[in-house]
>>> print(open('coords26.txt').read())   # compact mmCIF, C-alpha atoms (C1' of nucleotides)
# COMPACT_ATOMS: atom_id res chain seq x y z
CA MET A 1 -20.82 -32.64 -3.17
CA ASP A 2 -17.93 -31.28 -1.21
CA THR A 3 -19.23 -28.30 0.72
CA ILE A 4 -16.24 -26.14 -0.18
CA VAL A 5 -16.70 -26.87 -3.86
CA LYS A 6 -20.34 -26.01 -3.48
CA LYS A 7 -19.54 -22.69 -1.85
CA LEU A 8 -17.28 -21.72 -4.75
CA ARG A 9 -19.85 -22.87 -7.31
CA ASP A 10 -22.66 -21.02 -5.59
CA ALA A 11 -20.54 -17.89 -5.63
CA GLY A 12 -20.19 -18.19 -9.39
CA LEU A 13 -16.50 -19.05 -9.28
CA LYS A 14 -14.94 -21.81 -11.33
CA VAL A 15 -13.46 -24.51 -9.15
CA THR A 16 -9.75 -24.89 -9.72
CA PRO A 17 -7.15 -26.73 -7.63
CA GLN A 18 -5.55 -23.40 -6.75
CA ARG A 19 -8.78 -21.87 -5.46
CA LEU A 20 -9.68 -24.98 -3.53
CA ALA A 21 -6.27 -25.08 -1.85
CA ILE A 22 -6.28 -21.37 -1.02
CA TYR A 23 -9.81 -21.37 0.35
CA LYS A 24 -9.25 -24.56 2.36
CA MET A 25 -6.08 -23.10 3.81
CA LEU A 26 -7.93 -19.99 4.93
CA LEU A 27 -10.80 -22.01 6.39
CA SER A 28 -8.42 -24.22 8.37
CA THR A 29 -6.37 -21.47 9.99
CA LYS A 30 -7.28 -19.43 13.01
CA GLY A 31 -4.82 -16.70 12.07
CA HIS A 32 -5.15 -13.82 9.65
CA PRO A 33 -2.43 -14.55 7.13
CA THR A 34 -1.11 -12.14 4.53
CA ALA A 35 -1.25 -12.98 0.85
CA ASP A 36 2.42 -13.83 0.97
CA GLU A 37 1.99 -16.22 3.89
CA ILE A 38 -0.94 -17.88 2.14
CA CYS A 39 1.14 -18.25 -1.02
CA ARG A 40 4.06 -19.84 0.81
CA THR A 41 1.79 -22.30 2.62
CA VAL A 42 -0.25 -23.36 -0.40
CA LYS A 43 2.91 -23.72 -2.50
CA GLU A 44 3.74 -26.78 -0.40
CA SER A 45 0.91 -28.63 -2.13
CA ILE A 46 0.97 -26.72 -5.45
CA PRO A 47 4.62 -25.84 -6.12
CA GLY A 48 3.94 -24.02 -9.38
CA LEU A 49 1.51 -21.61 -7.74
CA SER A 50 2.16 -17.98 -8.55
CA PHE A 51 1.74 -15.15 -6.12
CA ASN A 52 -0.35 -13.37 -8.70
CA THR A 53 -2.89 -16.18 -8.73
CA VAL A 54 -3.07 -16.17 -4.95
CA TYR A 55 -3.73 -12.46 -4.91
CA LYS A 56 -6.39 -12.52 -7.59
CA THR A 57 -8.04 -15.53 -6.02
CA LEU A 58 -8.21 -13.74 -2.69
CA LEU A 59 -9.74 -10.70 -4.37
CA SER A 60 -12.31 -12.91 -6.08
CA LEU A 61 -13.19 -14.61 -2.82
CA GLU A 62 -13.50 -11.22 -1.18
CA GLU A 63 -15.71 -9.92 -3.97
CA LYS A 64 -18.02 -12.89 -3.54
CA GLY A 65 -18.13 -12.45 0.21
CA LEU A 66 -16.37 -15.73 1.03
CA VAL A 67 -13.44 -14.13 2.79
CA GLN A 68 -12.80 -10.86 4.56
CA ARG A 69 -9.91 -8.58 3.70
CA LEU A 70 -8.43 -6.83 6.70
CA ASP A 71 -6.55 -3.56 6.63
CA VAL A 72 -5.29 -2.94 10.13
CA GLY A 73 -2.76 -0.26 9.31
CA GLN A 74 0.08 -2.57 8.50
CA ASP A 75 2.19 -2.59 5.38
CA CYS A 76 0.10 -5.32 3.79
CA ASP A 77 -3.43 -6.64 3.96
CA ARG A 78 -4.54 -9.80 5.70
CA PHE A 79 -7.28 -12.27 4.89
CA ASP A 80 -9.80 -14.08 7.04
CA ALA A 81 -12.34 -16.76 6.10
CA ASN A 82 -14.51 -15.63 9.00
CA THR A 83 -16.75 -13.09 7.33
CA ARG A 84 -18.66 -12.13 10.44
CA SER A 85 -17.46 -8.82 11.75
CA HIS A 86 -15.44 -9.10 14.90
CA VAL A 87 -12.96 -7.15 16.98
CA HIS A 88 -9.30 -7.44 16.01
CA LEU A 89 -6.22 -7.14 18.18
CA VAL A 90 -3.13 -6.00 16.30
CA CYS A 91 0.37 -6.41 17.69
CA LEU A 92 2.51 -3.32 17.18
CA ASN A 93 5.67 -5.40 17.45
CA CYS A 94 5.25 -8.66 15.52
CA GLY A 95 2.24 -7.67 13.44
CA LYS A 96 0.10 -10.59 14.55
CA VAL A 97 -3.66 -10.13 14.29
CA SER A 98 -5.97 -11.99 16.65
CA ASP A 99 -9.67 -11.99 17.29
CA PHE A 100 -11.22 -10.72 20.50
CA GLY A 101 -14.23 -12.84 21.26
CA ASP A 102 -16.19 -14.65 18.61
CA ASP A 103 -18.53 -12.01 17.33
CA THR A 104 -19.31 -8.32 17.29
CA PRO A 105 -19.73 -7.06 20.86
CA ALA A 106 -23.10 -5.51 21.48
CA CYS A 107 -21.65 -2.07 22.05
CA VAL A 108 -20.02 -2.02 18.62
CA ALA A 109 -23.32 -2.98 17.03
CA ASP A 110 -25.04 -0.30 19.10
CA LEU A 111 -22.60 2.37 18.05
CA THR A 112 -22.91 1.36 14.42
CA GLY A 113 -26.67 1.66 14.70
CA ARG A 114 -26.36 5.03 16.37
CA ILE A 115 -24.11 6.30 13.59
CA LYS A 116 -26.60 5.07 11.00
CA ARG A 117 -29.38 6.98 12.72
CA GLU A 118 -27.56 10.16 13.70
CA SER A 119 -25.39 10.78 10.66
CA ASP A 120 -26.32 11.58 7.08
CA TRP A 121 -24.22 8.70 5.87
CA ASP A 122 -25.29 5.43 4.33
CA ILE A 123 -23.18 3.19 6.55
CA ARG A 124 -22.45 -0.33 5.32
CA THR A 125 -19.80 -1.77 7.60
CA ALA A 126 -17.81 -0.86 10.65
CA SER A 127 -14.59 -2.06 12.17
CA PHE A 128 -13.04 -1.98 15.59
CA ALA A 129 -9.36 -2.67 16.13
CA ALA A 130 -7.23 -2.44 19.24
CA TYR A 131 -3.48 -1.92 18.94
CA GLY A 132 -0.91 -3.05 21.45
CA TYR A 133 1.49 -5.83 22.27
CA CYS A 134 0.61 -9.52 22.23
CA PRO A 135 1.59 -11.78 25.13
CA GLU A 136 4.79 -12.83 23.35
CA CYS A 137 5.83 -9.23 22.64
CA ARG A 138 4.78 -7.51 25.86
CA GLY A 139 8.34 -6.97 27.03
CA THR A 140 9.38 -5.51 23.72
CA GLY A 141 6.85 -2.76 23.50
CA GLY A 142 7.24 -1.00 26.80
CA THR A 143 10.50 0.61 25.79
CA GLU A 144 9.35 2.03 22.51
CA LEU A 145 6.17 3.72 23.61
CA THR A 146 5.73 6.98 21.77
CA PRO A 147 2.78 9.30 22.20
CA GLY A 148 2.26 9.50 18.47
CA ALA A 149 2.28 5.79 17.82
CA SER A 150 -1.47 5.57 17.66
CA ARG A 151 -3.25 4.64 14.47
CA ALA A 152 -6.61 6.17 13.65
CA MET B 1 5.42 33.60 21.76
CA ASP B 2 3.18 32.23 19.09
CA THR B 3 1.50 29.18 20.54
CA ILE B 4 2.16 27.11 17.43
CA VAL B 5 5.84 27.94 17.53
CA LYS B 6 5.85 27.01 21.18
CA LYS B 7 4.25 23.64 20.47
CA LEU B 8 6.91 22.80 17.93
CA ARG B 9 9.70 23.96 20.23
CA ASP B 10 8.30 22.01 23.16
CA ALA B 11 8.22 18.93 20.97
CA GLY B 12 11.91 19.34 20.27
CA LEU B 13 11.43 20.28 16.63
CA LYS B 14 13.24 23.13 14.97
CA VAL B 15 10.87 25.81 13.76
CA THR B 16 11.03 26.28 10.01
CA PRO B 17 8.64 28.07 7.66
CA GLN B 18 7.72 24.73 6.09
CA ARG B 19 6.82 23.11 9.39
CA LEU B 20 4.90 26.14 10.54
CA ALA B 21 2.87 26.24 7.34
CA ILE B 22 2.15 22.52 7.35
CA TYR B 23 1.15 22.43 10.99
CA LYS B 24 -0.98 25.57 10.69
CA MET B 25 -2.73 24.13 7.65
CA LEU B 26 -3.57 20.97 9.56
CA LEU B 27 -4.79 22.90 12.58
CA SER B 28 -7.04 25.07 10.47
CA THR B 29 -8.80 22.33 8.54
CA LYS B 30 -11.66 20.17 9.71
CA GLY B 31 -10.94 17.53 7.11
CA HIS B 32 -8.43 14.72 7.12
CA PRO B 33 -6.20 15.57 4.16
CA THR B 34 -3.69 13.25 2.55
CA ALA B 35 -0.03 14.19 2.35
CA ASP B 36 -0.53 15.08 -1.28
CA GLU B 37 -3.46 17.39 -0.50
CA ILE B 38 -1.46 19.05 2.26
CA CYS B 39 1.44 19.52 -0.11
CA ARG B 40 -0.71 21.13 -2.79
CA THR B 41 -2.33 23.50 -0.30
CA VAL B 42 0.85 24.61 1.43
CA LYS B 43 2.61 25.08 -1.90
CA GLU B 44 0.36 28.08 -2.46
CA SER B 45 2.32 29.92 0.21
CA ILE B 46 5.66 28.10 -0.21
CA PRO B 47 5.97 27.30 -3.93
CA GLY B 48 9.32 25.55 -3.64
CA LEU B 49 8.03 23.05 -1.11
CA SER B 50 8.81 19.45 -1.93
CA PHE B 51 6.50 16.55 -1.31
CA ASN B 52 9.31 14.81 0.49
CA THR B 53 9.58 17.58 3.05
CA VAL B 54 5.84 17.49 3.63
CA TYR B 55 5.97 13.76 4.22
CA LYS B 56 8.92 13.88 6.57
CA THR B 57 7.44 16.80 8.45
CA LEU B 58 4.19 14.93 8.93
CA LEU B 59 6.07 11.90 10.21
CA SER B 60 8.00 14.12 12.63
CA LEU B 61 4.79 15.70 13.88
CA GLU B 62 3.28 12.27 14.29
CA GLU B 63 6.30 11.01 16.18
CA LYS B 64 6.04 13.93 18.58
CA GLY B 65 2.33 13.38 19.05
CA LEU B 66 1.27 16.67 17.46
CA VAL B 67 -0.75 15.07 14.68
CA GLN B 68 -2.49 11.79 14.16
CA ARG B 69 -1.90 9.58 11.18
CA LEU B 70 -4.98 7.76 9.97
CA ASP B 71 -5.02 4.53 8.03
CA VAL B 72 -8.61 3.85 7.09
CA GLY B 73 -7.99 1.22 4.45
CA GLN B 74 -7.46 3.61 1.58
CA ASP B 75 -4.54 3.73 -0.79
CA CYS B 76 -2.84 6.46 1.18
CA ASP B 77 -2.72 7.72 4.73
CA ARG B 78 -4.44 10.82 6.05
CA PHE B 79 -3.42 13.28 8.75
CA ASP B 80 -5.34 14.99 11.51
CA ALA B 81 -4.23 17.63 14.01
CA ASN B 82 -6.89 16.40 16.41
CA THR B 83 -4.94 13.86 18.42
CA ARG B 84 -7.83 12.80 20.60
CA SER B 85 -9.19 9.47 19.48
CA HIS B 86 -12.54 9.72 17.77
CA VAL B 87 -14.81 7.78 15.46
CA HIS B 88 -14.19 8.13 11.74
CA LEU B 89 -16.64 7.83 8.87
CA VAL B 90 -15.03 6.77 5.60
CA CYS B 91 -16.74 7.21 2.24
CA LEU B 92 -16.38 4.15 0.02
CA ASN B 93 -16.96 6.27 -3.07
CA CYS B 94 -15.07 9.56 -2.78
CA GLY B 95 -12.70 8.57 0.02
CA LYS B 96 -13.67 11.45 2.28
CA VAL B 97 -13.06 10.94 6.00
CA SER B 98 -15.23 12.71 8.55
CA ASP B 99 -15.52 12.65 12.28
CA PHE B 100 -18.55 11.32 14.10
CA GLY B 101 -19.06 13.37 17.21
CA ASP B 102 -16.26 15.21 18.93
CA ASP B 103 -14.72 12.56 21.11
CA THR B 104 -14.56 8.88 21.82
CA PRO B 105 -18.04 7.54 22.57
CA ALA B 106 -18.32 5.95 25.97
CA CYS B 107 -18.97 2.52 24.53
CA VAL B 108 -15.70 2.55 22.61
CA ALA B 109 -13.83 3.48 25.76
CA ASP B 110 -15.72 0.76 27.61
CA LEU B 111 -14.86 -1.87 25.05
CA THR B 112 -11.23 -0.83 25.05
CA GLY B 113 -11.16 -1.18 28.80
CA ARG B 114 -12.82 -4.57 28.60
CA ILE B 115 -10.25 -5.78 26.09
CA LYS B 116 -7.46 -4.56 28.36
CA ARG B 117 -8.90 -6.53 31.25
CA GLU B 118 -10.00 -9.69 29.47
CA SER B 119 -7.16 -10.26 27.03
CA ASP B 120 -3.51 -11.01 27.61
CA TRP B 121 -2.54 -8.08 25.45
CA ASP B 122 -0.93 -4.79 26.42
CA ILE B 123 -3.37 -2.55 24.57
CA ARG B 124 -2.24 0.99 23.78
CA THR B 125 -4.78 2.43 21.38
CA ALA B 126 -8.00 1.52 19.66
CA SER B 127 -9.81 2.73 16.59
CA PHE B 128 -13.35 2.65 15.35
CA ALA B 129 -14.23 3.36 11.75
CA ALA B 130 -17.53 3.11 9.90
CA TYR B 131 -17.55 2.65 6.13
CA GLY B 132 -20.31 3.76 3.82
CA TYR B 133 -21.41 6.55 1.54
CA CYS B 134 -21.33 10.22 2.45
CA PRO B 135 -24.36 12.45 1.77
CA GLU B 136 -22.88 13.57 -1.57
CA CYS B 137 -22.22 9.98 -2.71
CA ARG B 138 -25.29 8.20 -1.38
CA GLY B 139 -26.78 7.66 -4.83
CA THR B 140 -23.56 6.23 -6.18
CA GLY B 141 -23.12 3.48 -3.70
CA GLY B 142 -26.46 1.76 -3.75
CA THR B 143 -25.80 0.10 -7.07
CA GLU B 144 -22.42 -1.31 -6.23
CA LEU B 145 -23.21 -2.99 -2.97
CA THR B 146 -21.26 -6.19 -2.69
CA PRO B 147 -21.31 -8.48 0.33
CA GLY B 148 -17.54 -8.65 0.39
CA ALA B 149 -16.95 -4.94 0.33
CA SER B 150 -16.36 -4.76 4.04
CA ARG B 151 -13.03 -3.75 5.48
CA ALA B 152 -11.84 -5.38 8.70
C1' DA C 1 -16.43 -38.39 -24.72
C1' DA C 2 -15.38 -34.37 -27.28
C1' DC C 3 -16.22 -29.30 -28.12
C1' DA C 4 -16.63 -24.44 -27.82
C1' DA C 5 -16.73 -20.35 -24.77
C1' DG C 6 -15.15 -17.82 -21.28
C1' DG C 7 -12.89 -17.51 -17.11
C1' DA C 8 -8.38 -18.76 -14.61
C1' DT C 9 -3.43 -19.14 -14.47
C1' DG C 10 1.30 -17.56 -14.46
C1' DA C 11 5.10 -14.52 -15.95
C1' DG C 12 6.42 -10.09 -16.23
C1' DA C 13 6.02 -5.32 -15.82
C1' DA C 14 3.57 -1.04 -14.29
C1' DC C 15 1.91 1.68 -10.63
C1' DG C 16 1.97 4.50 -6.56
C1' DA C 17 2.63 5.39 -1.68
C1' DT C 18 6.20 5.31 1.35
C1' DT C 19 11.02 5.28 2.79
C1' DA C 20 16.04 5.94 2.37
C1' DT C 21 20.21 8.56 0.79
C1' DC C 22 22.97 12.58 0.47
C1' DG C 23 24.90 17.17 -0.34
C1' DC C 24 23.65 21.79 0.64
C1' DG C 25 21.53 25.36 3.22
C1' DT C 26 19.61 27.18 7.49
C1' DG C 27 17.90 27.69 12.42
C1' DA C 28 19.43 27.50 17.23
C1' DT C 29 22.54 28.49 20.77
C1' DA C 30 26.47 30.56 22.78
C1' DT D 1 28.40 36.33 14.56
C1' DA D 2 30.43 31.62 14.53
C1' DT D 3 29.52 27.01 14.80
C1' DC D 4 27.23 22.81 14.11
C1' DA D 5 23.65 19.72 14.05
C1' DC D 6 19.52 19.41 11.78
C1' DG D 7 16.11 20.35 8.11
C1' DC D 8 15.39 20.80 3.12
C1' DG D 9 14.86 19.18 -1.50
C1' DA D 10 16.17 16.12 -5.35
C1' DT D 11 16.71 11.53 -6.53
C1' DA D 12 16.24 6.84 -6.29
C1' DA D 13 14.96 2.41 -3.91
C1' DT D 14 11.45 -0.41 -1.86
C1' DC D 15 7.44 -3.06 -1.68
C1' DG D 16 2.51 -4.17 -1.82
C1' DT D 17 -0.76 -4.08 -5.16
C1' DT D 18 -2.64 -4.01 -9.82
C1' DC D 19 -2.46 -4.64 -14.86
C1' DT D 20 -1.51 -7.07 -19.40
C1' DC D 21 -1.58 -10.96 -22.16
C1' DA D 22 -0.82 -15.52 -24.06
C1' DT D 23 -1.91 -20.07 -22.71
C1' DC D 24 -4.50 -23.48 -20.07
C1' DC D 25 -8.46 -25.38 -17.84
C1' DT D 26 -13.34 -25.60 -16.10
C1' DT D 27 -17.92 -25.72 -17.42
C1' DG D 28 -22.15 -26.60 -19.86
C1' DT D 29 -23.41 -28.60 -24.09
C1' DT D 30 -23.36 -31.81 -28.00
>>> encode(input="coords26.txt", output="structure tokens")
Amino acid sequence: MDTIVKKLRDAGLKVTPQRLAIYKMLLSTKGHPTADEICRTVKESIPGLSFNTVYKTLLSLEEKGLVQRLDVGQDCDRFDANTRSHVHLVCLNCGKVSDFGDDTPACVADLTGRIKRESDWDIRTASFAAYGYCPECRGTGGTELTPGASRA
Amino acid sequence: MDTIVKKLRDAGLKVTPQRLAIYKMLLSTKGHPTADEICRTVKESIPGLSFNTVYKTLLSLEEKGLVQRLDVGQDCDRFDANTRSHVHLVCLNCGKVSDFGDDTPACVADLTGRIKRESDWDIRTASFAAYGYCPECRGTGGTELTPGASRA
DNA sequence: AACAAGGATGAGAACGATTATCGCGTGATA
DNA sequence: TATCACGCGATAATCGTTCTCATCCTTGTT
């Protein structure tokens, strides 16, 4: 059986053409598209697709742990079929989100462990994001540097 | 001259009772209130205060680098008069945001430096957030653990 | 192959945080 | 104190996200 179909079945999700197309699209991209970008892309193969279905499908996939939902301080969320935690680079100019390295750097894992030990909290996940200007936007950003532009 | 007044003046902001009250409120709290919480609190001393003014004041303070605006994946932003970067703990149940330690742990600074050196990006800021359940909500969260509940 | 049950889809609207507009009032400087 | 740009507050627009509901389709079973 198709491995993607199996993943959806194993997650307890009914397999529909829409879900297959959306999940395949996410698995085949290296980017971190927004729901809107996903909708526009998948509409090329399923013209009648509604944005609503895309959104709910993404939420279902997230709930089942098949995709990761990223909130990197932009106006809208992004989605990633790579569910391992990793470091994200966020462009302050064009909004692009890239990965740094392939997996969680040791120091992030160490800090997460330290927080688990030293705080009274029941920590489940952690995220590290770096904000700046991507290679294509480097020239743009220098002029609009403001001391308060930091996020979190 | 009052040091708070001086800070506002130095930032190029006109000193108004509203701004003074909002900034003082932020300086005196250890929490990370939302704009709405700030508005409700400051209204006790300035009843006619509008939410709009609070919001625009917070954005002005952020632009001048006097406060930090936090986006930790919740439905609304939070504000913090501590402009040094530090690690945030975010409760998945009650939404509370706390600080871990007083300053940026060395490993976060190290990783940020590594990213600056090893990537093609012009990195300006970085953020580290850990998500879980605060001491008051620990019991609540255990039952609703889902593998896809991670943020970023 | 056909059926029943329950989830999925798609259209539309609701929701809520954030942002923009605009006339009036007020702080800052001379 | 006069002047003027800026801040204030009310209102509405924007936009991502979520909800509702009737219809359709997948799934497990006859």
>>> interface_residues(input="coords26.txt", of="chain B", to="chain D", cutoff="12 Å", atoms="all atoms listed in the file", output="list in words")
Gly12, Leu13, Lys14, Val15, Thr16, Pro17, Gln18, Arg19, Gly48, Leu49, Ser50, Phe51, Asn52, Thr53, Val54, Tyr55, Lys56, Thr57, Ser60 and Asp75 of chain B
>>> closest_atom_pairs(input="coords26.txt", of="chain C", to="chain A", cutoff="12 Å", atoms="all atoms listed in the file", output="Markdown table")
| residue | atom | partner | partner_atom | distance |
| --- | --- | --- | --- | --- |
| C:DG6 | C1' | A:Lys14 | CA | 10.7 |
| C:DG7 | C1' | A:Lys14 | CA | 7.5 |
| C:DA8 | C1' | A:Lys14 | CA | 7.9 |
| C:DT9 | C1' | A:Thr53 | CA | 6.5 |
| C:DG10 | C1' | A:Ser50 | CA | 6.0 |
| C:DA11 | C1' | A:Ser50 | CA | 8.7 |
| C:DG12 | C1' | A:Asn52 | CA | 10.6 |
| C:DA17 | C1' | A:Asp75 | CA | 10.7 |
| C:DT18 | C1' | A:Asp75 | CA | 9.7 |
>>> interface_residues(input="coords26.txt", of="chain B", to="chain A", cutoff="8 Å", atoms="all atoms listed in the file", output="PyMOL selection string")
chain B and resi 62-73+85+100+107-108+111-112+115+119-135+138+146-152
>>> write_last_selection(input="coords26.txt", atoms="C-alpha atoms", output="PDB file, keeping the file's coordinate frame")
ATOM      1  CA  GLU B  62       3.280  12.270  14.290  1.00  0.00           C
ATOM      2  CA  GLU B  63       6.300  11.010  16.180  1.00  0.00           C
ATOM      3  CA  LYS B  64       6.040  13.930  18.580  1.00  0.00           C
ATOM      4  CA  GLY B  65       2.330  13.380  19.050  1.00  0.00           C
ATOM      5  CA  LEU B  66       1.270  16.670  17.460  1.00  0.00           C
ATOM      6  CA  VAL B  67      -0.750  15.070  14.680  1.00  0.00           C
ATOM      7  CA  GLN B  68      -2.490  11.790  14.160  1.00  0.00           C
ATOM      8  CA  ARG B  69      -1.900   9.580  11.180  1.00  0.00           C
ATOM      9  CA  LEU B  70      -4.980   7.760   9.970  1.00  0.00           C
ATOM     10  CA  ASP B  71      -5.020   4.530   8.030  1.00  0.00           C
ATOM     11  CA  VAL B  72      -8.610   3.850   7.090  1.00  0.00           C
ATOM     12  CA  GLY B  73      -7.990   1.220   4.450  1.00  0.00           C
ATOM     13  CA  SER B  85      -9.190   9.470  19.480  1.00  0.00           C
ATOM     14  CA  PHE B 100     -18.550  11.320  14.100  1.00  0.00           C
ATOM     15  CA  CYS B 107     -18.970   2.520  24.530  1.00  0.00           C
ATOM     16  CA  VAL B 108     -15.700   2.550  22.610  1.00  0.00           C
ATOM     17  CA  LEU B 111     -14.860  -1.870  25.050  1.00  0.00           C
ATOM     18  CA  THR B 112     -11.230  -0.830  25.050  1.00  0.00           C
ATOM     19  CA  ILE B 115     -10.250  -5.780  26.090  1.00  0.00           C
ATOM     20  CA  SER B 119      -7.160 -10.260  27.030  1.00  0.00           C
ATOM     21  CA  ASP B 120      -3.510 -11.010  27.610  1.00  0.00           C
ATOM     22  CA  TRP B 121      -2.540  -8.080  25.450  1.00  0.00           C
ATOM     23  CA  ASP B 122      -0.930  -4.790  26.420  1.00  0.00           C
ATOM     24  CA  ILE B 123      -3.370  -2.550  24.570  1.00  0.00           C
ATOM     25  CA  ARG B 124      -2.240   0.990  23.780  1.00  0.00           C
ATOM     26  CA  THR B 125      -4.780   2.430  21.380  1.00  0.00           C
ATOM     27  CA  ALA B 126      -8.000   1.520  19.660  1.00  0.00           C
ATOM     28  CA  SER B 127      -9.810   2.730  16.590  1.00  0.00           C
ATOM     29  CA  PHE B 128     -13.350   2.650  15.350  1.00  0.00           C
ATOM     30  CA  ALA B 129     -14.230   3.360  11.750  1.00  0.00           C
ATOM     31  CA  ALA B 130     -17.530   3.110   9.900  1.00  0.00           C
ATOM     32  CA  TYR B 131     -17.550   2.650   6.130  1.00  0.00           C
ATOM     33  CA  GLY B 132     -20.310   3.760   3.820  1.00  0.00           C
ATOM     34  CA  TYR B 133     -21.410   6.550   1.540  1.00  0.00           C
ATOM     35  CA  CYS B 134     -21.330  10.220   2.450  1.00  0.00           C
ATOM     36  CA  PRO B 135     -24.360  12.450   1.770  1.00  0.00           C
ATOM     37  CA  ARG B 138     -25.290   8.200  -1.380  1.00  0.00           C
ATOM     38  CA  THR B 146     -21.260  -6.190  -2.690  1.00  0.00           C
ATOM     39  CA  PRO B 147     -21.310  -8.480   0.330  1.00  0.00           C
ATOM     40  CA  GLY B 148     -17.540  -8.650   0.390  1.00  0.00           C
ATOM     41  CA  ALA B 149     -16.950  -4.940   0.330  1.00  0.00           C
ATOM     42  CA  SER B 150     -16.360  -4.760   4.040  1.00  0.00           C
ATOM     43  CA  ARG B 151     -13.030  -3.750   5.480  1.00  0.00           C
ATOM     44  CA  ALA B 152     -11.840  -5.380   8.700  1.00  0.00           C
TER      45      ALA B 152
END
>>> atom_distance(input="coords26.txt", atom1="CA of Tyr23 in chain B", atom2="CA of Asn82 in chain B")
11.4 Å
>>> atom_distance(input="coords26.txt", atom1="CA of Asp103 in chain B", atom2="CA of Ala81 in chain B")
13.6 Å
>>> atom_distance(input="coords26.txt", atom1="CA of Ile38 in chain A", atom2="CA of Ala21 in chain A")
9.8 Å
>>> build_atoms(input="coords26.txt", residues="range 60-75 of chain A", atoms="N, CA and C atoms", output="PDB file, in the coordinates of the input")
ATOM      1  N   SER A  60     -11.051 -12.322  -5.616  1.00  0.00           N
ATOM      2  CA  SER A  60     -12.310 -12.910  -6.080  1.00  0.00           C
ATOM      3  C   SER A  60     -13.134 -13.400  -4.905  1.00  0.00           C
ATOM      4  N   LEU A  61     -12.481 -14.098  -3.992  1.00  0.00           N
ATOM      5  CA  LEU A  61     -13.190 -14.610  -2.820  1.00  0.00           C
ATOM      6  C   LEU A  61     -13.759 -13.457  -1.993  1.00  0.00           C
ATOM      7  N   GLU A  62     -13.009 -12.376  -1.924  1.00  0.00           N
ATOM      8  CA  GLU A  62     -13.500 -11.220  -1.180  1.00  0.00           C
ATOM      9  C   GLU A  62     -14.718 -10.631  -1.876  1.00  0.00           C
ATOM     10  N   GLU A  63     -14.614 -10.517  -3.192  1.00  0.00           N
ATOM     11  CA  GLU A  63     -15.710  -9.920  -3.970  1.00  0.00           C
ATOM     12  C   GLU A  63     -17.000 -10.717  -3.803  1.00  0.00           C
ATOM     13  N   LYS A  64     -16.851 -12.030  -3.682  1.00  0.00           N
ATOM     14  CA  LYS A  64     -18.020 -12.890  -3.540  1.00  0.00           C
ATOM     15  C   LYS A  64     -18.453 -13.037  -2.085  1.00  0.00           C
ATOM     16  N   GLY A  65     -17.731 -12.403  -1.191  1.00  0.00           N
ATOM     17  CA  GLY A  65     -18.130 -12.450   0.210  1.00  0.00           C
ATOM     18  C   GLY A  65     -17.724 -13.721   0.930  1.00  0.00           C
ATOM     19  N   LEU A  66     -16.791 -14.484   0.378  1.00  0.00           N
ATOM     20  CA  LEU A  66     -16.370 -15.730   1.030  1.00  0.00           C
ATOM     21  C   LEU A  66     -15.248 -15.503   2.028  1.00  0.00           C
ATOM     22  N   VAL A  67     -14.482 -14.461   1.823  1.00  0.00           N
ATOM     23  CA  VAL A  67     -13.440 -14.130   2.790  1.00  0.00           C
ATOM     24  C   VAL A  67     -13.494 -12.633   3.075  1.00  0.00           C
ATOM     25  N   GLN A  68     -12.837 -12.253   4.140  1.00  0.00           N
ATOM     26  CA  GLN A  68     -12.800 -10.860   4.560  1.00  0.00           C
ATOM     27  C   GLN A  68     -11.362 -10.377   4.389  1.00  0.00           C
ATOM     28  N   ARG A  69     -11.235  -9.160   3.881  1.00  0.00           N
ATOM     29  CA  ARG A  69      -9.910  -8.580   3.700  1.00  0.00           C
ATOM     30  C   ARG A  69      -9.715  -7.554   4.814  1.00  0.00           C
ATOM     31  N   LEU A  70      -8.643  -7.699   5.561  1.00  0.00           N
ATOM     32  CA  LEU A  70      -8.430  -6.830   6.700  1.00  0.00           C
ATOM     33  C   LEU A  70      -7.318  -5.829   6.413  1.00  0.00           C
ATOM     34  N   ASP A  71      -7.588  -4.572   6.677  1.00  0.00           N
ATOM     35  CA  ASP A  71      -6.550  -3.560   6.630  1.00  0.00           C
ATOM     36  C   ASP A  71      -6.440  -2.983   8.027  1.00  0.00           C
ATOM     37  N   VAL A  72      -5.433  -3.387   8.741  1.00  0.00           N
ATOM     38  CA  VAL A  72      -5.290  -2.940  10.130  1.00  0.00           C
ATOM     39  C   VAL A  72      -4.087  -2.019  10.271  1.00  0.00           C
ATOM     40  N   GLY A  73      -3.803  -1.259   9.209  1.00  0.00           N
ATOM     41  CA  GLY A  73      -2.760  -0.260   9.310  1.00  0.00           C
ATOM     42  C   GLY A  73      -1.364  -0.796   9.204  1.00  0.00           C
ATOM     43  N   GLN A  74      -1.251  -2.023   8.692  1.00  0.00           N
ATOM     44  CA  GLN A  74       0.080  -2.570   8.500  1.00  0.00           C
ATOM     45  C   GLN A  74       0.512  -2.349   7.061  1.00  0.00           C
ATOM     46  N   ASP A  75       1.698  -2.827   6.724  1.00  0.00           N
ATOM     47  CA  ASP A  75       2.190  -2.590   5.380  1.00  0.00           C
ATOM     48  C   ASP A  75       1.470  -3.448   4.346  1.00  0.00           C
TER      49      ASP A  75
END
